[in-house]
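Source file work16.pdb; content: PDB, C-alpha atoms, pLDDT in the B column.
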```pdb
ATOM      1  CA  MET A  25       0.000   0.000   0.000  1.00 67.00           C
ATOM      2  CA  THR A  26       1.374   3.390  -0.999  1.00 81.00           C
ATOM      3  CA  ALA A  27       1.425   6.462   1.219  1.00 82.00           C
ATOM      4  CA  ALA A  28      -1.275   8.157  -0.874  1.00 80.00           C
ATOM      5  CA  ALA A  29      -3.591   5.163  -0.494  1.00 83.00           C
ATOM      6  CA  ALA A  30      -2.945   5.020   3.249  1.00 86.00           C
ATOM      7  CA  PHE A  31      -3.774   8.708   3.662  1.00 85.00           C
ATOM      8  CA  PHE A  32      -6.875   8.261   1.496  1.00 87.00           C
ATOM      9  CA  TYR A  33      -8.248   5.483   3.683  1.00 88.00           C
ATOM     10  CA  LEU A  34      -7.339   7.462   6.804  1.00 89.00           C
ATOM     11  CA  PHE A  35      -9.089  10.668   5.707  1.00 90.00           C
ATOM     12  CA  ALA A  36     -12.052   8.791   4.219  1.00 90.00           C
ATOM     13  CA  SER A  37     -12.649   6.695   7.325  1.00 91.00           C
ATOM     14  CA  PHE A  38     -12.472   9.715   9.610  1.00 91.00           C
ATOM     15  CA  ALA A  39     -14.773  11.695   7.293  1.00 91.00           C
ATOM     16  CA  VAL A  40     -17.411   8.929   7.233  1.00 91.00           C
ATOM     17  CA  ALA A  41     -17.189   8.398  10.999  1.00 92.00           C
ATOM     18  CA  SER A  42     -17.431  12.140  11.656  1.00 91.00           C
ATOM     19  CA  GLY A  43     -20.420  12.461   9.339  1.00 89.00           C
ATOM     20  CA  PHE A  44     -22.182   9.656  11.197  1.00 90.00           C
ATOM     21  CA  MET A  45     -21.448  11.256  14.560  1.00 90.00           C
ATOM     22  CA  VAL A  46     -22.905  14.572  13.345  1.00 87.00           C
ATOM     23  CA  ILE A  47     -26.358  12.989  13.213  1.00 85.00           C
ATOM     24  CA  ALA A  48     -25.836  10.517  16.067  1.00 85.00           C
ATOM     25  CA  ALA A  49     -24.536  12.879  18.768  1.00 82.00           C
ATOM     26  CA  ARG A  50     -27.139  14.058  21.284  1.00 79.00           C
ATOM     27  CA  ASN A  51     -25.356  17.281  22.141  1.00 78.00           C
ATOM     28  CA  PRO A  52     -25.640  19.874  19.295  1.00 77.00           C
ATOM     29  CA  VAL A  53     -22.284  21.397  20.211  1.00 78.00           C
ATOM     30  CA  THR A  54     -20.675  17.967  19.798  1.00 84.00           C
ATOM     31  CA  SER A  55     -22.401  17.609  16.422  1.00 84.00           C
ATOM     32  CA  VAL A  56     -20.904  20.892  15.210  1.00 83.00           C
ATOM     33  CA  LEU A  57     -17.430  19.827  16.374  1.00 85.00           C
ATOM     34  CA  PHE A  58     -17.758  16.542  14.475  1.00 89.00           C
ATOM     35  CA  LEU A  59     -18.924  18.553  11.452  1.00 87.00           C
ATOM     36  CA  ILE A  60     -15.715  20.592  11.610  1.00 87.00           C
ATOM     37  CA  LEU A  61     -13.709  17.363  11.790  1.00 89.00           C
ATOM     38  CA  ALA A  62     -15.553  16.040   8.724  1.00 90.00           C
ATOM     39  CA  PHE A  63     -14.734  19.223   6.791  1.00 89.00           C
ATOM     40  CA  VAL A  64     -11.060  18.982   7.682  1.00 90.00           C
ATOM     41  CA  ASN A  65     -10.845  15.366   6.528  1.00 91.00           C
ATOM     42  CA  ALA A  66     -12.688  16.245   3.310  1.00 91.00           C
ATOM     43  CA  ALA A  67     -10.095  18.972   2.753  1.00 90.00           C
ATOM     44  CA  GLY A  68      -7.388  16.322   3.142  1.00 90.00           C
ATOM     45  CA  LEU A  69      -9.072  14.253   0.433  1.00 89.00           C
ATOM     46  CA  PHE A  70      -9.109  17.283  -1.876  1.00 89.00           C
ATOM     47  CA  VAL A  71      -5.382  17.753  -1.294  1.00 87.00           C
ATOM     48  CA  LEU A  72      -4.760  14.130  -2.287  1.00 86.00           C
ATOM     49  CA  MET A  73      -6.753  14.738  -5.489  1.00 83.00           C
ATOM     50  CA  GLY A  74      -4.575  17.738  -6.362  1.00 81.00           C
ATOM     51  CA  ALA A  75      -7.345  20.302  -5.734  1.00 82.00           C
ATOM     52  CA  GLU A  76      -5.593  22.406  -3.133  1.00 83.00           C
ATOM     53  CA  PHE A  77      -7.791  25.427  -3.880  1.00 84.00           C
ATOM     54  CA  LEU A  78     -10.963  23.537  -2.969  1.00 85.00           C
ATOM     55  CA  ALA A  79      -9.266  22.246   0.184  1.00 87.00           C
ATOM     56  CA  MET A  80      -8.320  25.791   1.190  1.00 87.00           C
ATOM     57  CA  ILE A  81     -11.823  27.101   0.487  1.00 86.00           C
ATOM     58  CA  LEU A  82     -13.359  24.234   2.474  1.00 86.00           C
ATOM     59  CA  VAL A  83     -11.227  25.007   5.511  1.00 86.00           C
ATOM     60  CA  VAL A  84     -11.379  28.809   5.312  1.00 86.00           C
ATOM     61  CA  VAL A  85     -15.049  29.249   4.382  1.00 84.00           C
ATOM     62  CA  TYR A  86     -16.845  26.267   5.892  1.00 82.00           C
ATOM     63  CA  VAL A  87     -14.692  25.525   8.924  1.00 81.00           C
ATOM     64  CA  GLY A  88     -13.582  29.090   9.628  1.00 80.00           C
ATOM     65  CA  ALA A  89     -16.940  30.771   9.052  1.00 80.00           C
ATOM     66  CA  VAL A  90     -19.997  28.556   8.622  1.00 77.00           C
ATOM     67  CA  ALA A  91     -19.252  25.805  11.157  1.00 77.00           C
ATOM     68  CA  VAL A  92     -17.927  28.238  13.766  1.00 77.00           C
ATOM     69  CA  LEU A  93     -21.023  30.393  13.247  1.00 78.00           C
ATOM     70  CA  PHE A  94     -23.221  27.327  13.807  1.00 77.00           C
ATOM     71  CA  LEU A  95     -21.269  26.573  16.972  1.00 75.00           C
ATOM     72  CA  PHE A  96     -21.679  30.074  18.395  1.00 77.00           C
ATOM     73  CA  VAL A  97     -25.376  30.203  17.479  1.00 74.00           C
ATOM     74  CA  VAL A  98     -26.074  26.840  19.111  1.00 72.00           C
ATOM     75  CA  MET A  99     -24.151  27.806  22.249  1.00 72.00           C
ATOM     76  CA  MET A 100     -25.756  31.257  22.595  1.00 71.00           C
ATOM     77  CA  LEU A 101     -29.389  30.436  21.777  1.00 68.00           C
ATOM     78  CA  ASP A 102     -29.658  27.635  24.360  1.00 64.00           C
ATOM     79  CA  VAL A 103     -32.416  25.908  22.388  1.00 63.00           C
ATOM     80  CA  ASP A 104     -34.559  23.328  24.191  1.00 64.00           C
ATOM     81  CA  PHE A 105     -33.905  20.369  21.888  1.00 62.00           C
ATOM     82  CA  ALA A 106     -35.992  18.040  24.049  1.00 64.00           C
ATOM     83  CA  ALA A 107     -39.092  20.012  23.081  1.00 65.00           C
ATOM     84  CA  LEU A 108     -38.110  19.938  19.410  1.00 62.00           C
ATOM     85  CA  ARG A 109     -37.815  16.147  19.431  1.00 64.00           C
ATOM     86  CA  GLN A 110     -41.346  15.591  20.714  1.00 68.00           C
ATOM     87  CA  GLY A 111     -42.829  15.409  17.213  1.00 66.00           C
ATOM     88  CA  PHE A 112     -40.034  13.233  15.840  1.00 68.00           C
ATOM     89  CA  GLN A 113     -42.076  10.043  15.547  1.00 74.00           C
ATOM     90  CA  ARG A 114     -44.808  11.804  13.612  1.00 77.00           C
ATOM     91  CA  TYR A 115     -42.395  12.657  10.769  1.00 77.00           C
ATOM     92  CA  LEU A 116     -40.464   9.382  10.936  1.00 80.00           C
ATOM     93  CA  PRO A 117     -42.280   7.590   8.018  1.00 85.00           C
ATOM     94  CA  ILE A 118     -41.818  10.382   5.486  1.00 87.00           C
ATOM     95  CA  GLY A 119     -38.266  10.976   6.708  1.00 83.00           C
ATOM     96  CA  SER A 120     -37.459   7.295   6.239  1.00 88.00           C
ATOM     97  CA  LEU A 121     -38.938   7.387   2.728  1.00 91.00           C
ATOM     98  CA  ILE A 122     -36.841  10.410   1.739  1.00 90.00           C
ATOM     99  CA  GLY A 123     -33.729   8.820   3.263  1.00 87.00           C
ATOM    100  CA  ALA A 124     -34.338   5.602   1.321  1.00 91.00           C
ATOM    101  CA  ILE A 125     -34.693   7.577  -1.927  1.00 93.00           C
ATOM    102  CA  PHE A 126     -31.403   9.381  -1.265  1.00 88.00           C
ATOM    103  CA  LEU A 127     -29.701   6.067  -0.468  1.00 89.00           C
ATOM    104  CA  ILE A 128     -30.919   4.507  -3.725  1.00 91.00           C
ATOM    105  CA  GLU A 129     -29.710   7.538  -5.696  1.00 88.00           C
ATOM    106  CA  LEU A 130     -26.288   7.349  -4.051  1.00 84.00           C
ATOM    107  CA  LEU A 131     -26.008   3.641  -4.811  1.00 86.00           C
ATOM    108  CA  LEU A 132     -26.944   4.273  -8.442  1.00 85.00           C
ATOM    109  CA  VAL A 133     -24.366   7.059  -8.726  1.00 80.00           C
ATOM    110  CA  VAL A 134     -21.596   5.024  -7.114  1.00 78.00           C
ATOM    111  CA  GLY A 135     -22.451   1.903  -9.108  1.00 79.00           C
ATOM    112  CA  THR A 136     -22.395   3.643 -12.490  1.00 76.00           C
ATOM    113  CA  TRP A 137     -19.601   6.175 -11.839  1.00 68.00           C
ATOM    114  CA  THR A 138     -16.453   5.774 -13.928  1.00 65.00           C
ATOM    115  CA  ILE A 139     -13.277   7.790 -14.387  1.00 60.00           C
ATOM    116  CA  ASP A 140     -12.114   8.866 -17.809  1.00 59.00           C
ATOM    117  CA  PRO A 141      -8.653   7.314 -18.339  1.00 58.00           C
ATOM    118  CA  GLY A 142      -7.566  10.299 -20.368  1.00 57.00           C
ATOM    119  CA  LEU A 143      -8.470  12.615 -17.516  1.00 51.00           C
ATOM    120  CA  VAL A 144      -6.385  10.632 -15.067  1.00 49.00           C
ATOM    121  CA  GLN A 145      -3.368  10.534 -17.378  1.00 49.00           C
ATOM    122  CA  ALA A 146      -3.606  14.218 -18.270  1.00 49.00           C
ATOM    123  CA  PRO A 147      -1.076  16.460 -16.508  1.00 47.00           C
ATOM    124  CA  LEU A 148      -2.594  18.576 -13.747  1.00 48.00           C
ATOM    125  CA  GLY A 149      -2.174  22.297 -13.487  1.00 46.00           C
ATOM    126  CA  HIS A 150      -1.146  23.111 -17.079  1.00 47.00           C
ATOM    127  CA  ALA A 151      -2.413  26.105 -18.937  1.00 47.00           C
ATOM    128  CA  ALA A 152      -3.538  26.086 -22.537  1.00 48.00           C
ATOM    129  CA  HIS A 153      -0.160  27.230 -23.835  1.00 51.00           C
ATOM    130  CA  GLY A 154       1.765  24.548 -21.918  1.00 54.00           C
ATOM    131  CA  GLU A 155       2.919  26.644 -18.969  1.00 62.00           C
ATOM    132  CA  SER A 156       2.898  24.771 -15.683  1.00 71.00           C
ATOM    133  CA  VAL A 157       0.727  26.614 -13.140  1.00 74.00           C
ATOM    134  CA  THR A 158      -1.076  25.694  -9.971  1.00 77.00           C
ATOM    135  CA  ASN A 159      -4.788  24.980  -9.800  1.00 77.00           C
ATOM    136  CA  THR A 160      -5.411  28.297  -8.053  1.00 80.00           C
ATOM    137  CA  GLN A 161      -3.659  30.268 -10.803  1.00 82.00           C
ATOM    138  CA  ALA A 162      -5.462  28.342 -13.549  1.00 82.00           C
ATOM    139  CA  LEU A 163      -8.825  28.890 -11.874  1.00 82.00           C
ATOM    140  CA  GLY A 164      -8.103  32.597 -11.419  1.00 84.00           C
ATOM    141  CA  ARG A 165      -7.168  32.996 -15.077  1.00 85.00           C
ATOM    142  CA  VAL A 166     -10.376  31.303 -16.190  1.00 86.00           C
ATOM    143  CA  LEU A 167     -12.606  33.279 -13.826  1.00 84.00           C
ATOM    144  CA  TYR A 168     -11.107  36.676 -14.595  1.00 86.00           C
ATOM    145  CA  THR A 169     -10.758  36.211 -18.358  1.00 87.00           C
ATOM    146  CA  ASP A 170     -13.383  33.928 -19.888  1.00 87.00           C
ATOM    147  CA  TYR A 171     -16.071  34.299 -17.179  1.00 89.00           C
ATOM    148  CA  VAL A 172     -15.275  37.716 -15.708  1.00 89.00           C
ATOM    149  CA  TYR A 173     -18.717  39.171 -16.513  1.00 92.00           C
ATOM    150  CA  PHE A 174     -20.547  36.176 -15.050  1.00 92.00           C
ATOM    151  CA  PHE A 175     -18.304  36.399 -11.980  1.00 88.00           C
ATOM    152  CA  GLN A 176     -19.138  40.078 -11.484  1.00 92.00           C
ATOM    153  CA  ILE A 177     -22.851  39.446 -12.048  1.00 95.00           C
ATOM    154  CA  ALA A 178     -22.787  36.710  -9.399  1.00 92.00           C
ATOM    155  CA  GLY A 179     -21.167  39.157  -6.979  1.00 92.00           C
ATOM    156  CA  LEU A 180     -23.833  41.787  -7.691  1.00 95.00           C
ATOM    157  CA  ILE A 181     -26.611  39.218  -7.155  1.00 96.00           C
ATOM    158  CA  LEU A 182     -25.124  38.259  -3.789  1.00 92.00           C
ATOM    159  CA  LEU A 183     -24.833  41.948  -2.847  1.00 94.00           C
ATOM    160  CA  VAL A 184     -28.480  42.601  -3.762  1.00 95.00           C
ATOM    161  CA  ALA A 185     -29.543  39.491  -1.812  1.00 92.00           C
ATOM    162  CA  MET A 186     -27.629  40.680   1.258  1.00 91.00           C
ATOM    163  CA  ILE A 187     -29.155  44.170   1.083  1.00 92.00           C
ATOM    164  CA  GLY A 188     -32.626  42.688   0.553  1.00 89.00           C
ATOM    165  CA  ALA A 189     -32.258  40.432   3.597  1.00 86.00           C
ATOM    166  CA  ILE A 190     -31.218  43.420   5.714  1.00 86.00           C
ATOM    167  CA  VAL A 191     -34.150  45.517   4.473  1.00 85.00           C
ATOM    168  CA  LEU A 192     -36.689  42.737   5.038  1.00 83.00           C
ATOM    169  CA  THR A 193     -35.518  42.022   8.581  1.00 78.00           C
ATOM    170  CA  LEU A 194     -35.114  45.683   9.615  1.00 75.00           C
ATOM    171  CA  ARG A 195     -38.040  46.855  11.730  1.00 72.00           C
ATOM    172  CA  ASP A 196     -38.568  50.488  12.717  1.00 69.00           C
ATOM    173  CA  ARG A 197     -40.239  50.138  16.115  1.00 70.00           C
ATOM    174  CA  THR A 198     -41.933  53.124  17.717  1.00 72.00           C
ATOM    175  CA  GLY A 199     -41.262  54.143  21.282  1.00 73.00           C
ATOM    176  CA  VAL A 200     -37.628  53.044  21.195  1.00 73.00           C
ATOM    177  CA  LYS A 201     -35.046  55.549  22.343  1.00 76.00           C
ATOM    178  CA  ARG A 202     -32.254  55.931  19.834  1.00 76.00           C
ATOM    179  CA  GLN A 203     -29.017  57.860  19.972  1.00 79.00           C
ATOM    180  CA  ASN A 204     -28.374  60.806  17.680  1.00 81.00           C
ATOM    181  CA  ILE A 205     -24.650  61.505  17.640  1.00 85.00           C
ATOM    182  CA  ALA A 206     -25.041  64.927  15.981  1.00 85.00           C
ATOM    183  CA  VAL A 207     -27.456  66.141  18.660  1.00 82.00           C
ATOM    184  CA  GLN A 208     -25.243  64.791  21.435  1.00 83.00           C
ATOM    185  CA  ASN A 209     -22.161  66.531  20.066  1.00 84.00           C
ATOM    186  CA  ALA A 210     -24.049  69.826  19.659  1.00 84.00           C
ATOM    187  CA  ARG A 211     -25.344  69.725  23.233  1.00 84.00           C
ATOM    188  CA  THR A 212     -24.212  72.734  25.303  1.00 84.00           C
ATOM    189  CA  GLN A 213     -24.220  73.483  29.008  1.00 80.00           C
ATOM    190  CA  ALA A 214     -27.257  75.734  28.642  1.00 79.00           C
ATOM    191  CA  MET A 215     -29.198  72.836  27.103  1.00 79.00           C
ATOM    192  CA  ALA A 216     -28.145  70.347  29.748  1.00 79.00           C
ATOM    193  CA  VAL A 217     -28.195  72.358  32.990  1.00 82.00           C
ATOM    194  CA  ASP A 218     -30.927  74.592  34.372  1.00 79.00           C
ATOM    195  CA  THR A 219     -29.673  77.198  36.829  1.00 77.00           C
ATOM    196  CA  LEU A 220     -32.278  78.245  39.419  1.00 75.00           C
ATOM    197  CA  LYS A 221     -32.038  80.975  42.045  1.00 78.00           C
ATOM    198  CA  VAL A 222     -33.754  79.567  45.118  1.00 77.00           C
ATOM    199  CA  PRO A 223     -34.730  81.946  47.910  1.00 78.00           C
ATOM    200  CA  SER A 224     -33.359  81.096  51.297  1.00 78.00           C
ATOM    201  CA  ARG A 225     -35.348  78.539  53.290  1.00 73.00           C
ATOM    202  CA  GLN A 226     -38.074  78.047  50.645  1.00 72.00           C
ATOM    203  CA  GLY A 227     -36.957  75.051  48.543  1.00 66.00           C
ATOM    204  CA  VAL A 228     -37.884  74.273  44.972  1.00 63.00           C
ATOM    205  CA  GLU A 229     -41.313  73.335  43.665  1.00 66.00           C
ATOM    206  CA  VAL A 230     -41.283  70.517  41.086  1.00 57.00           C
TER     207      VAL A 230
END
```

Let me see the file written as structure tokens.
Amino acid sequence: MTAAAAFFYLFASFAVASGFMVIAARNPVTSVLFLILAFVNAAGLFVLMGAEFLAMILVVVYVGAVAVLFLFVVMMLDVDFAALRQGFQRYLPIGSLIGAIFLIELLLVVGTWTIDPGLVQAPLGHAAHGESVTNTQALGRVLYTDYVYFFQIAGLILLVAMIGAIVLTLRDRTGVKRQNIAVQNARTQAMAVDTLKVPSRQGVEV
């Protein structure tokens, strides 16, 4: 057994075991930690395939942002998962049916999946003119030359979606005291302090 095969079986076994523990763990925080472990092992598999850019994106985006965000949300919300599991048996038949359909589709994909021999024998990371470049450089050249307009349009769509989500969730509630920095900075002593001349032994009427 070669070193590449040994690392493949190591990463694959840990990824499958971590994926199973994500759905089997009772504690949601433990599930998120196993999800991070599954992402890291999947990144190792991408490195073995020669796709170091996908491995980097998987670690930086999913592990560094999405999974950590899930972890913080689960820890801060303190959701009562016991109450959420009360209706589990009611949805068990349809859930089992959907799971069986997914399992059949996966078996069909794995059973009929083949690798093109020419793709395996082709040199990795070579540009069209024969220059040897990394996968990240080749992907950057393709994105910013052939598909630059589609790339920019995708960025604009994501920007519009982000602004739309902010606008839809923003609520202007009445009766809420808000700070106005301009008014606070323009506040003078005459506006803040009332000077009263109180006669001796008479006090102040409110």

For stretch 177-190 of chain A, I'd like the enclosing box, axis-aligned and padded by 4 Å on every side, reported as JSON with centre and edge lengths in Å to one decimal.
```
{"center_x": -26.9, "center_y": 40.4, "center_z": -3.2, "size_x": 19.5, "size_y": 15.5, "size_z": 25.8}
```

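Of note, atom CA of A:Tyr86 and atom CA of A:Leu194 are spaced 26.9 Å apart.
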
Problem - the PyMOL selection byres ((chain A and resi 70) around 12) resolved against shown file, as a count of residues only - result: 25

Handout entry: Point-to-point distance in Å for atom CA of A:Gly164 and atom CA of A:Leu61
Key =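 Going from atom CA of A:Leu61 over to atom CA of A:Gly164 covers 28.3 Å.
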
Problem - Two-atom distance - atom CA of A:Ala62, atom CA of A:Ala30 (Å) - result: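 So the two atoms, atom CA of A:Ala62 and atom CA of A:Ala30, lie 17.6 Å apart.
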
Handout entry: Residue members of the PyMOL selection byres ((chain A and resi 49-54) around 10) in the file shown, as a ChimeraX atom specification
Key = /A:44-48,55-60,94-99,103,105
